[in-house]
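K.L.:
Handing over query39.txt, compact mmCIF, C-alpha atoms and all ligand atoms.
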```txt
# COMPACT_ATOMS: atom_id res chain seq x y z
CA MET Q 174 0.00 0.00 0.00
CA SER Q 175 1.24 3.51 -0.67
CA LEU Q 176 1.65 6.06 2.10
CA LEU Q 177 -1.07 8.11 0.42
CA GLU Q 178 -3.45 5.16 0.37
CA ILE Q 179 -2.93 4.54 4.09
CA LYS Q 180 -3.53 8.20 4.88
CA LYS Q 181 -6.73 8.09 2.83
CA ARG Q 182 -7.91 5.02 4.72
CA ILE Q 183 -7.19 6.72 8.04
CA SER Q 184 -9.15 9.80 6.93
CA ALA Q 185 -12.06 7.64 5.81
CA ALA Q 186 -12.06 5.78 9.14
CA GLU Q 187 -11.99 9.10 11.01
CA ALA Q 188 -14.94 10.40 8.99
CA LYS Q 189 -16.90 7.19 9.52
CA ALA Q 190 -16.33 7.40 13.29
CA GLY Q 191 -17.37 11.05 13.36
CA ARG Q 192 -13.87 12.14 14.28
CA SER Q 193 -12.13 15.18 12.89
CA ASP Q 194 -9.79 14.76 9.95
CA GLY Q 195 -6.18 14.46 11.08
CA SER Q 196 -7.02 13.51 14.67
CA THR Q 197 -5.06 10.25 14.23
CA LYS Q 198 -1.30 10.47 13.82
CA LEU Q 199 0.40 7.92 11.61
CA ILE Q 200 3.63 6.50 13.04
CA ALA Q 201 5.54 4.83 10.22
CA VAL Q 202 7.27 1.88 11.87
CA SER Q 203 10.65 1.65 10.17
CA LYS Q 204 12.29 -1.07 12.28
CA VAL Q 205 14.47 -3.48 10.30
CA GLN Q 206 13.61 -1.74 7.02
CA PRO Q 207 16.38 -0.96 4.55
CA ASN Q 208 17.39 2.70 4.58
CA GLU Q 209 16.30 3.22 0.95
CA ARG Q 210 12.70 2.42 1.88
CA VAL Q 211 12.80 4.83 4.81
CA GLN Q 212 14.43 7.50 2.69
CA ALA Q 213 11.64 7.14 0.10
CA ILE Q 214 8.96 7.77 2.72
CA LEU Q 215 10.92 10.72 4.15
CA GLU Q 216 11.06 12.16 0.63
CA GLN Q 217 7.28 11.91 0.42
CA GLY Q 218 7.21 14.29 3.37
CA HIS Q 219 6.36 11.92 6.20
CA ARG Q 220 8.02 12.88 9.49
CA ILE Q 221 6.72 10.59 12.25
CA TYR Q 222 8.55 7.28 12.68
CA GLY Q 223 8.62 4.42 15.13
CA GLU Q 224 11.49 2.14 16.09
CA ASN Q 225 11.52 -0.90 18.35
CA ARG Q 226 15.11 -0.93 19.41
CA VAL Q 227 17.06 1.98 20.82
CA GLN Q 228 20.36 0.82 19.32
CA GLU Q 229 18.88 0.51 15.85
CA ALA Q 230 17.26 3.93 16.19
CA ALA Q 231 20.55 5.45 17.34
CA ASP Q 232 22.35 3.92 14.37
CA LYS Q 233 19.78 5.03 11.82
CA TRP Q 234 18.19 8.35 12.72
CA PRO Q 235 20.97 10.89 13.40
CA ALA Q 236 21.98 10.75 9.73
CA PHE Q 237 18.38 11.13 8.54
CA ARG Q 238 17.96 14.07 10.91
CA GLU Q 239 20.85 15.85 9.22
CA GLN Q 240 19.06 15.45 5.92
CA PHE Q 241 15.44 16.10 6.92
CA ASP Q 242 13.94 18.63 9.35
CA GLY Q 243 11.20 17.95 11.83
CA ILE Q 244 11.58 14.23 12.31
CA GLU Q 245 9.57 12.93 15.27
CA LEU Q 246 10.77 9.60 16.62
CA HIS Q 247 8.74 7.21 18.76
CA ILE Q 248 10.28 4.26 20.62
CA ILE Q 249 7.63 1.54 20.57
CA GLY Q 250 9.51 -1.57 21.72
CA PRO Q 251 10.28 -3.00 25.16
CA LEU Q 252 12.85 -0.84 26.92
CA GLN Q 253 15.61 -2.03 29.23
CA THR Q 254 16.31 0.33 32.11
CA ASN Q 255 19.90 0.78 30.99
CA LYS Q 256 18.68 2.05 27.59
CA ALA Q 257 16.32 4.63 29.10
CA ARG Q 258 18.72 7.55 28.84
CA ALA Q 259 19.58 6.87 25.21
CA ALA Q 260 15.89 6.49 24.39
CA MET Q 261 15.08 9.80 26.08
CA GLU Q 262 17.85 11.56 24.19
CA LEU Q 263 16.69 10.23 20.83
CA ALA Q 264 12.93 10.12 20.94
CA GLN Q 265 10.01 12.53 21.24
CA ALA Q 266 7.83 9.76 22.64
CA ILE Q 267 8.27 6.40 24.35
CA HIS Q 268 5.30 4.03 24.18
CA THR Q 269 6.50 1.31 26.44
CA LEU Q 270 6.44 2.39 30.06
CA ASP Q 271 5.45 -0.94 31.62
CA ARG Q 272 6.95 -1.22 35.10
CA ILE Q 273 7.61 0.89 38.15
CA LYS Q 274 11.38 0.50 37.98
CA LEU Q 275 11.34 2.11 34.54
CA ALA Q 276 9.03 4.87 35.79
CA HIS Q 277 11.52 5.70 38.56
CA MET Q 278 14.38 5.70 36.06
CA PHE Q 279 12.50 8.09 33.72
CA ALA Q 280 11.71 10.34 36.68
CA ARG Q 281 15.33 10.49 37.81
CA LEU Q 282 16.64 11.12 34.29
CA ALA Q 283 13.94 13.72 33.57
CA GLN Q 284 15.14 15.66 36.63
CA GLU Q 285 18.72 15.43 35.50
CA MET Q 286 18.06 16.23 31.83
CA GLY Q 287 15.34 18.80 32.44
CA ALA Q 288 13.13 17.18 29.80
CA CYS Q 289 11.23 14.00 29.13
CA PRO Q 290 9.60 12.60 26.00
CA ASP Q 291 5.86 11.96 25.98
CA LEU Q 292 5.23 8.66 27.71
CA TYR Q 293 2.62 6.02 26.93
CA ILE Q 294 1.92 3.27 29.40
CA GLN Q 295 1.71 -0.14 27.78
CA VAL Q 296 -1.25 -2.19 28.93
CA ASN Q 297 -1.25 -5.96 28.38
CA THR Q 298 -4.95 -5.99 27.47
CA GLY Q 299 -4.95 -9.71 26.73
CA ALA Q 300 -3.04 -10.57 29.94
CA GLU Q 301 -0.63 -12.61 27.82
CA PRO Q 302 2.25 -14.05 29.88
CA GLN Q 303 4.87 -13.41 27.18
CA LYS Q 304 3.81 -9.82 26.53
CA ALA Q 305 5.03 -6.65 28.21
CA GLY Q 306 2.66 -4.18 29.79
CA VAL Q 307 0.80 -3.66 33.02
CA LEU Q 308 -2.26 -5.83 33.54
CA PRO Q 309 -5.62 -4.10 33.06
CA ALA Q 310 -6.45 -4.59 36.74
CA SER Q 311 -3.24 -2.80 37.77
CA ALA Q 312 -3.47 -0.01 35.21
CA ASP Q 313 -5.27 2.62 37.30
CA ALA Q 314 -2.78 2.33 40.15
CA PHE Q 315 0.20 2.32 37.80
CA ILE Q 316 -1.04 5.42 35.98
CA ALA Q 317 -1.50 7.19 39.31
CA GLU Q 318 1.99 6.24 40.45
CA SER Q 319 3.53 7.47 37.20
CA VAL Q 320 1.64 10.75 37.33
CA ALA Q 321 2.71 11.18 40.97
CA LEU Q 322 6.33 10.93 39.78
CA ASP Q 323 5.60 14.00 37.59
CA LEU Q 324 6.08 11.98 34.42
CA PRO Q 325 4.47 13.37 31.26
CA VAL Q 326 2.01 10.51 30.73
CA ALA Q 327 0.40 11.22 27.35
CA GLY Q 328 -1.68 8.09 27.13
CA LEU Q 329 -1.82 4.33 26.82
CA MET Q 330 -0.57 1.78 24.32
CA CYS Q 331 -1.54 -1.81 23.57
CA ILE Q 332 -0.76 -4.69 21.23
CA PRO Q 333 -3.79 -7.00 21.09
CA PRO Q 334 -3.22 -10.76 20.96
CA VAL Q 335 -2.67 -12.07 17.43
CA ASN Q 336 -5.57 -14.05 16.01
CA GLU Q 337 -8.13 -12.28 18.18
CA ASP Q 338 -10.63 -9.60 17.32
CA PRO Q 339 -8.75 -6.45 18.38
CA SER Q 340 -11.94 -4.43 19.01
CA PRO Q 341 -12.50 -5.43 22.66
CA HIS Q 342 -8.84 -4.68 23.39
CA PHE Q 343 -9.02 -1.24 21.79
CA LYS Q 344 -12.23 -0.55 23.67
CA LEU Q 345 -10.69 -1.66 26.97
CA LEU Q 346 -7.68 0.60 26.41
CA GLY Q 347 -9.97 3.52 25.61
CA ASP Q 348 -12.03 2.90 28.73
CA ILE Q 349 -8.96 2.78 30.99
CA ALA Q 350 -7.63 6.00 29.42
CA ALA Q 351 -10.96 7.80 29.75
CA ARG Q 352 -11.47 6.98 33.41
CA ASN Q 353 -7.93 8.17 34.15
CA GLY Q 354 -8.23 11.40 32.18
CA LEU Q 355 -5.69 10.42 29.53
CA ASN Q 356 -6.13 11.47 25.90
CA GLY Q 357 -3.50 9.52 23.99
CA LEU Q 358 -4.25 6.08 22.57
CA SER Q 359 -1.44 4.33 20.73
CA MET Q 360 -3.07 1.35 19.07
CA GLY Q 361 -3.54 -0.23 15.67
CA MET Q 362 -0.99 -1.75 13.29
CA SER Q 363 -0.96 -2.73 9.61
CA GLY Q 364 -3.75 -5.26 9.98
CA ASP Q 365 -6.13 -3.32 12.18
CA PHE Q 366 -5.40 0.41 12.06
CA GLU Q 367 -8.87 1.30 10.73
CA THR Q 368 -10.50 -0.59 13.60
CA ALA Q 369 -8.21 1.30 16.00
CA VAL Q 370 -9.23 4.64 14.48
CA ALA Q 371 -12.87 3.66 14.95
CA HIS Q 372 -12.08 3.14 18.64
CA GLY Q 373 -10.38 6.50 19.06
CA ALA Q 374 -6.69 5.82 18.37
CA THR Q 375 -4.67 9.04 18.44
CA HIS Q 376 -1.58 7.21 17.11
CA VAL Q 377 -1.55 4.19 14.83
CA ARG Q 378 1.73 2.31 14.39
CA VAL Q 379 1.94 1.01 10.83
CA GLY Q 380 5.02 -0.77 9.51
CA SER Q 381 4.76 -3.43 6.83
CA ALA Q 382 1.72 -1.88 5.10
CA ILE Q 383 3.85 1.19 4.34
CA PHE Q 384 7.33 -0.23 3.83
CA GLY Q 385 6.59 -3.77 2.69
CA ASP Q 386 7.49 -6.94 4.52
CA ARG Q 387 10.30 -6.64 7.00
CA VAL Q 388 13.55 -8.12 5.75
CA PRO Q 389 14.59 -10.78 8.29
CA THR Q 390 17.79 -9.96 10.17
C1 LIG Q 401 6.47 -3.83 14.51
C2 LIG Q 401 5.49 -3.10 15.32
C3 LIG Q 401 4.42 -2.42 14.72
C4 LIG Q 401 4.15 -2.42 13.24
O1 LIG Q 401 3.72 -3.66 12.82
P1 LIG Q 401 3.12 -3.90 11.35
O2 LIG Q 401 2.27 -5.09 11.50
O3 LIG Q 401 4.29 -4.09 10.46
O4 LIG Q 401 2.34 -2.68 10.99
C5 LIG Q 401 3.56 -1.71 15.56
N1 LIG Q 401 3.73 -1.69 16.89
C6 LIG Q 401 4.74 -2.34 17.49
C7 LIG Q 401 4.87 -2.26 18.97
C8 LIG Q 401 5.64 -3.07 16.73
O5 LIG Q 401 6.64 -3.72 17.35
```
Translate this file's structure into structure tokens.
P.N.:
Amino acid sequence: MSLLEIKKRISAAEAKAGRSDGSTKLIAVSKVQPNERVQAILEQGHRIYGENRVQEAADKWPAFREQFDGIELHIIGPLQTNKARAAMELAQAIHTLDRIKLAHMFARLAQEMGACPDLYIQVNTGAEPQKAGVLPASADAFIAESVALDLPVAGLMCIPPVNEDPSPHFKLLGDIAARNGLNGLSMGMSGDFETAVAHGATHVRVGSAIFGDRVPT
């Protein structure tokens, strides 16, 4: 699918849901993609990108930033505590705050650096043992703890279980956000971004539909 086609589909989904045009941001997930593919999307004017791994992001994006203005980078993968500083230095948003130890690390570094990217708390909506994120039942308390640490919590993020209807997961995430007064909803990927828009996603994270299949590493 072309970038334009995806943007059109997002606009159509916004209109259908009675949402305003442009209320969903498209994060182009460039992890593991060859630089030529990323360059091509940058040349089409797109500026919001997502990366899973801090090291890969640090290897890839400084050079692109010399070439293109206004790049906004989102870290969307699980984050080790010892990578928190590098992630904060690189990214405008981090979508994977999922444990209190990481919240304390962000708080300490934010004090030291005088700035902090927008943070999204990952919620494990399907309570899958192998998946990161706070459990839905612990989400309210975790949000409160993070806010009490003065962290800039912009919203919530989820990755629904594969092979399940994502709708109940998107709805659950929206409900948790609403009752905690959070506006941001990072949800929806290549296979389900229109469904996510229908459920109020403010950020969809779309990789393979834009760039093509990921080349195995
Ligand atoms: C890889 C990834 C995506 C994009 O997945 P696609 O199916 O290629 O769109 C979105 N979110 C997260 C957290 C990812 O790791």
K.L.:
Taking a cut-off of 9 Å and counting only C-alpha atoms and all ligand atoms, can you build a table that, for each residue of chain Q near ligand LIG 401 (chain Q), reports the nearest atom pair and how far apart they are in Å (one decimal), sorted by chain then residue number, as CSV?
P.N.:
```
residue,atom,partner,partner_atom,distance
Q:Ile200,CA,Q:LIG401,C5,8.6
Q:Ala201,CA,Q:LIG401,C4,8.0
Q:Val202,CA,Q:LIG401,C4,5.5
Q:Ser203,CA,Q:LIG401,C1,8.1
Q:Lys204,CA,Q:LIG401,C1,6.8
Q:Gly223,CA,Q:LIG401,C5,8.0
Q:Glu224,CA,Q:LIG401,O5,7.7
Q:Asn225,CA,Q:LIG401,O5,5.7
Q:Ile248,CA,Q:LIG401,C7,8.6
Q:Ile249,CA,Q:LIG401,C7,5.0
Q:Gly250,CA,Q:LIG401,C7,5.4
Q:Pro251,CA,Q:LIG401,C7,8.3
Q:His268,CA,Q:LIG401,C7,8.2
Q:Thr269,CA,Q:LIG401,C7,8.4
Q:Met330,CA,Q:LIG401,C7,8.6
Q:Cys331,CA,Q:LIG401,C7,7.9
Q:Ile332,CA,Q:LIG401,C7,6.5
Q:Ser359,CA,Q:LIG401,N1,8.8
Q:Met360,CA,Q:LIG401,N1,7.8
Q:Gly361,CA,Q:LIG401,C5,7.3
Q:Met362,CA,Q:LIG401,O4,4.2
Q:Ser363,CA,Q:LIG401,O4,3.6
Q:Gly364,CA,Q:LIG401,O2,6.2
Q:Asp365,CA,Q:LIG401,O4,8.6
Q:Phe366,CA,Q:LIG401,O4,8.4
Q:Val377,CA,Q:LIG401,C5,7.8
Q:Arg378,CA,Q:LIG401,C5,4.6
Q:Val379,CA,Q:LIG401,O4,3.7
Q:Gly380,CA,Q:LIG401,O3,3.5
Q:Ser381,CA,Q:LIG401,O3,3.7
Q:Ala382,CA,Q:LIG401,O4,6.0
Q:Ile383,CA,Q:LIG401,O4,7.8
Q:Phe384,CA,Q:LIG401,O3,8.3
Q:Gly385,CA,Q:LIG401,O3,8.1
Q:Asp386,CA,Q:LIG401,O3,7.3
Q:Arg387,CA,Q:LIG401,O3,7.4
```
K.L.:
Report, in Å with one decimal, the straight-line distance from atom CA of Arg272 of chain Q to atom CA of Lys256 of chain Q.
P.N.:
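We find that atom CA of Arg272 of chain Q and atom CA of Lys256 of chain Q lie 14.3 Å from each other.
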K.L.:
If the box runs along x, y and z of the file and leaves 8 Å on each side of segment 273-285 of chain Q, what are its centre and edge lengths in Å, one decimal, as JSON?
P.N.:
```
{"center_x": 13.2, "center_y": 8.1, "center_z": 36.1, "size_x": 27.1, "size_y": 31.2, "size_z": 21.0}
```
K.L.:
With distances taken over all atoms listed in the file, which residue among Q:Thr375, Q:Ser340, Q:Ser193, Q:Asn255 lies nearest Leu355 of chain Q?
P.N.:
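Closest candidate: Q:Thr375.
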K.L.:
For Gln240 of chain Q, which residue among Q:Arg281, Q:Lys198, Q:Glu301, Q:Arg220 is the nearest when counting all atoms listed in the file?
P.N.:
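That would be Q:Arg220, the residue with the smallest distance to Gln240 of chain Q.
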K.L.:
To one decimal place in Å, what is the distance between atom CA of Lys189 of chain Q and atom CA of Leu346 of chain Q?
P.N.:
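Value for the atom CA of Lys189 of chain Q-atom CA of Leu346 of chain Q distance: 20.3 Å.
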K.L.:
Using all atoms listed in the file, what residues lie at most 9 Å away from (3.9, 7.5, 25.2) (file coordinates), given as a list in words?
P.N.:
His247, Ile248, Ile249, Gln265, Ala266, Ile267, His268, Thr269, Leu270, Pro290, Asp291, Leu292, Tyr293, Ile294, Gln295, Pro325, Val326, Ala327, Gly328, Leu329, Met330, Gly357, Leu358 and Ser359 of chain Q
K.L.:
Which residue, Q:Ala321, Q:Leu275, Q:Ala230, Q:Ala185, has the smallest gap to Leu263 of chain Q when you use only C-alpha atoms?
P.N.:
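Ranked by minimum distance to Leu263 of chain Q, first place goes to Q:Ala230.
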K.L.:
Can you measure atom CA of Ile349 of chain Q to atom CA of Met261 of chain Q for me? One decimal in Å is fine.
P.N.:
25.5 Å
K.L.:
Using only C-alpha atoms, which of the listed residues (Q:Gln284, Q:Gln253, Q:Ser196, Q:Asn353) sits closest to Ala314 of chain Q?
P.N.:
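Checking each of Q:Gln284, Q:Gln253, Q:Ser196, Q:Asn353 against Ala314 of chain Q, counting only C-alpha atoms, the winner is Q:Asn353.
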K.L.:
Can you tell me, as a list in words, what residues are no more than 9 Å from Trp234 of chain Q when counting only C-alpha atoms, ignoring any on the same chain fewer than 4 positions away?
P.N.:
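Final neighbour list, sorted by chain and number: Glu229, Ala230, Arg238, Glu239, Ile244, Leu246 and Leu263 of chain Q.
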K.L.:
Now that the selection is made, can you save its residues with C-alpha atoms as a CSV table (one decimal), in the coordinates of the input?
P.N.:
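selection_31.csv, freshly written:
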```csv
chain,number,residue,atom,x,y,z
Q,229,GLU,CA,18.9,0.5,15.8
Q,230,ALA,CA,17.3,3.9,16.2
Q,238,ARG,CA,18.0,14.1,10.9
Q,239,GLU,CA,20.8,15.8,9.2
Q,244,ILE,CA,11.6,14.2,12.3
Q,246,LEU,CA,10.8,9.6,16.6
Q,263,LEU,CA,16.7,10.2,20.8
```
K.L.:
Could you tell me which of Q:Gly287, Q:Phe343, Q:Asp271, Q:Asp338 comes closest to Ala312 of chain Q if we count all atoms listed in the file?
P.N.:
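So, comparing all the options, the nearest one is Q:Asp271.
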K.L.:
Quick one: residues within 12 Å of Phe237 of chain Q, all atoms listed in the file, excluding same-chain residues fewer than 5 positions away - as a PyMOL selection string?
P.N.:
chain Q and resi 208-209+211-216+220+222+230-232+242-246
K.L.:
Would you mind telling me which residue in Q:Ala369, Q:Val388, Q:Ala288, Q:Ala300 lies nearest to Ala186 of chain Q when using only C-alpha atoms?
P.N.:
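Ranking Q:Ala369, Q:Val388, Q:Ala288, Q:Ala300 by distance to Ala186 of chain Q, first place goes to Q:Ala369.
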K.L.:
Kindly output segment 276-287 of chain Q as a PDB file, keeping the file's coordinate frame, after building all heavy atoms.
P.N.:
```pdb
ATOM      1  N   ALA Q 276       9.631   3.566  35.461  1.00  0.00           N
ATOM      2  CA  ALA Q 276       9.030   4.870  35.790  1.00  0.00           C
ATOM      3  C   ALA Q 276       9.972   5.676  36.680  1.00  0.00           C
ATOM      4  O   ALA Q 276      10.188   6.879  36.463  1.00  0.00           O
ATOM      5  CB  ALA Q 276       7.684   4.661  36.483  1.00  0.00           C
ATOM      6  N   HIS Q 277      10.571   5.012  37.676  1.00  0.00           N
ATOM      7  CA  HIS Q 277      11.520   5.700  38.560  1.00  0.00           C
ATOM      8  C   HIS Q 277      12.751   6.153  37.796  1.00  0.00           C
ATOM      9  O   HIS Q 277      13.283   7.245  38.028  1.00  0.00           O
ATOM     10  CB  HIS Q 277      11.911   4.792  39.733  1.00  0.00           C
ATOM     11  CG  HIS Q 277      10.863   4.745  40.806  1.00  0.00           C
ATOM     12  ND1 HIS Q 277      10.648   5.785  41.681  1.00  0.00           N
ATOM     13  CD2 HIS Q 277       9.945   3.804  41.126  1.00  0.00           C
ATOM     14  CE1 HIS Q 277       9.655   5.474  42.508  1.00  0.00           C
ATOM     15  NE2 HIS Q 277       9.206   4.264  42.175  1.00  0.00           N
ATOM     16  N   MET Q 278      13.215   5.329  36.876  1.00  0.00           N
ATOM     17  CA  MET Q 278      14.380   5.700  36.060  1.00  0.00           C
ATOM     18  C   MET Q 278      14.064   6.925  35.197  1.00  0.00           C
ATOM     19  O   MET Q 278      14.841   7.876  35.145  1.00  0.00           O
ATOM     20  CB  MET Q 278      14.786   4.504  35.185  1.00  0.00           C
ATOM     21  CG  MET Q 278      15.955   4.771  34.269  1.00  0.00           C
ATOM     22  SD  MET Q 278      17.470   5.181  35.164  1.00  0.00           S
ATOM     23  CE  MET Q 278      18.152   3.546  35.395  1.00  0.00           C
ATOM     24  N   PHE Q 279      12.901   6.925  34.531  1.00  0.00           N
ATOM     25  CA  PHE Q 279      12.500   8.090  33.720  1.00  0.00           C
ATOM     26  C   PHE Q 279      12.434   9.340  34.608  1.00  0.00           C
ATOM     27  O   PHE Q 279      12.871  10.422  34.205  1.00  0.00           O
ATOM     28  CB  PHE Q 279      11.125   7.874  33.086  1.00  0.00           C
ATOM     29  CG  PHE Q 279      11.114   6.969  31.878  1.00  0.00           C
ATOM     30  CD1 PHE Q 279      10.046   6.101  31.658  1.00  0.00           C
ATOM     31  CD2 PHE Q 279      12.134   7.000  30.934  1.00  0.00           C
ATOM     32  CE1 PHE Q 279       9.993   5.276  30.540  1.00  0.00           C
ATOM     33  CE2 PHE Q 279      12.090   6.165  29.805  1.00  0.00           C
ATOM     34  CZ  PHE Q 279      11.024   5.311  29.604  1.00  0.00           C
ATOM     35  N   ALA Q 280      11.879   9.190  35.804  1.00  0.00           N
ATOM     36  CA  ALA Q 280      11.710  10.340  36.680  1.00  0.00           C
ATOM     37  C   ALA Q 280      13.068  10.923  37.077  1.00  0.00           C
ATOM     38  O   ALA Q 280      13.277  12.146  37.055  1.00  0.00           O
ATOM     39  CB  ALA Q 280      10.902   9.944  37.919  1.00  0.00           C
ATOM     40  N   ARG Q 281      13.998  10.036  37.417  1.00  0.00           N
ATOM     41  CA  ARG Q 281      15.330  10.490  37.810  1.00  0.00           C
ATOM     42  C   ARG Q 281      16.035  11.187  36.638  1.00  0.00           C
ATOM     43  O   ARG Q 281      16.604  12.272  36.772  1.00  0.00           O
ATOM     44  CB  ARG Q 281      16.153   9.295  38.302  1.00  0.00           C
ATOM     45  CG  ARG Q 281      17.513   9.659  38.831  1.00  0.00           C
ATOM     46  CD  ARG Q 281      18.194   8.505  39.550  1.00  0.00           C
ATOM     47  NE  ARG Q 281      18.688   7.445  38.692  1.00  0.00           N
ATOM     48  CZ  ARG Q 281      19.700   7.571  37.840  1.00  0.00           C
ATOM     49  NH1 ARG Q 281      20.317   8.728  37.710  1.00  0.00           N
ATOM     50  NH2 ARG Q 281      20.086   6.545  37.101  1.00  0.00           N
ATOM     51  N   LEU Q 282      15.975  10.550  35.462  1.00  0.00           N
ATOM     52  CA  LEU Q 282      16.640  11.120  34.290  1.00  0.00           C
ATOM     53  C   LEU Q 282      15.973  12.418  33.833  1.00  0.00           C
ATOM     54  O   LEU Q 282      16.650  13.340  33.367  1.00  0.00           O
ATOM     55  CB  LEU Q 282      16.656  10.098  33.145  1.00  0.00           C
ATOM     56  CG  LEU Q 282      17.552   8.873  33.380  1.00  0.00           C
ATOM     57  CD1 LEU Q 282      17.302   7.804  32.316  1.00  0.00           C
ATOM     58  CD2 LEU Q 282      19.026   9.284  33.376  1.00  0.00           C
ATOM     59  N   ALA Q 283      14.655  12.497  33.972  1.00  0.00           N
ATOM     60  CA  ALA Q 283      13.940  13.720  33.570  1.00  0.00           C
ATOM     61  C   ALA Q 283      14.405  14.900  34.421  1.00  0.00           C
ATOM     62  O   ALA Q 283      14.595  16.014  33.921  1.00  0.00           O
ATOM     63  CB  ALA Q 283      12.438  13.516  33.691  1.00  0.00           C
ATOM     64  N   GLN Q 284      14.596  14.649  35.720  1.00  0.00           N
ATOM     65  CA  GLN Q 284      15.140  15.660  36.630  1.00  0.00           C
ATOM     66  C   GLN Q 284      16.500  16.127  36.156  1.00  0.00           C
ATOM     67  O   GLN Q 284      16.776  17.322  36.038  1.00  0.00           O
ATOM     68  CB  GLN Q 284      15.314  15.050  38.032  1.00  0.00           C
ATOM     69  CG  GLN Q 284      14.059  14.981  38.851  1.00  0.00           C
ATOM     70  CD  GLN Q 284      13.760  16.320  39.503  1.00  0.00           C
ATOM     71  OE1 GLN Q 284      14.672  17.049  39.881  1.00  0.00           O
ATOM     72  NE2 GLN Q 284      12.483  16.655  39.584  1.00  0.00           N
ATOM     73  N   GLU Q 285      17.336  15.159  35.872  1.00  0.00           N
ATOM     74  CA  GLU Q 285      18.720  15.430  35.500  1.00  0.00           C
ATOM     75  C   GLU Q 285      18.801  16.147  34.155  1.00  0.00           C
ATOM     76  O   GLU Q 285      19.577  17.083  33.979  1.00  0.00           O
ATOM     77  CB  GLU Q 285      19.417  14.066  35.414  1.00  0.00           C
ATOM     78  CG  GLU Q 285      20.908  14.097  35.445  1.00  0.00           C
ATOM     79  CD  GLU Q 285      21.439  12.658  35.319  1.00  0.00           C
ATOM     80  OE1 GLU Q 285      21.025  11.797  36.128  1.00  0.00           O
ATOM     81  OE2 GLU Q 285      22.236  12.419  34.395  1.00  0.00           O
ATOM     82  N   MET Q 286      17.981  15.697  33.185  1.00  0.00           N
ATOM     83  CA  MET Q 286      18.060  16.230  31.830  1.00  0.00           C
ATOM     84  C   MET Q 286      17.179  17.464  31.647  1.00  0.00           C
ATOM     85  O   MET Q 286      17.317  18.187  30.669  1.00  0.00           O
ATOM     86  CB  MET Q 286      17.635  15.143  30.823  1.00  0.00           C
ATOM     87  CG  MET Q 286      18.544  13.920  30.842  1.00  0.00           C
ATOM     88  SD  MET Q 286      17.803  12.431  30.053  1.00  0.00           S
ATOM     89  CE  MET Q 286      17.815  12.907  28.332  1.00  0.00           C
ATOM     90  N   GLY Q 287      16.237  17.661  32.558  1.00  0.00           N
ATOM     91  CA  GLY Q 287      15.340  18.800  32.440  1.00  0.00           C
ATOM     92  C   GLY Q 287      14.307  18.644  31.341  1.00  0.00           C
ATOM     93  O   GLY Q 287      13.700  19.622  30.900  1.00  0.00           O
TER      94      GLY Q 287
END
```
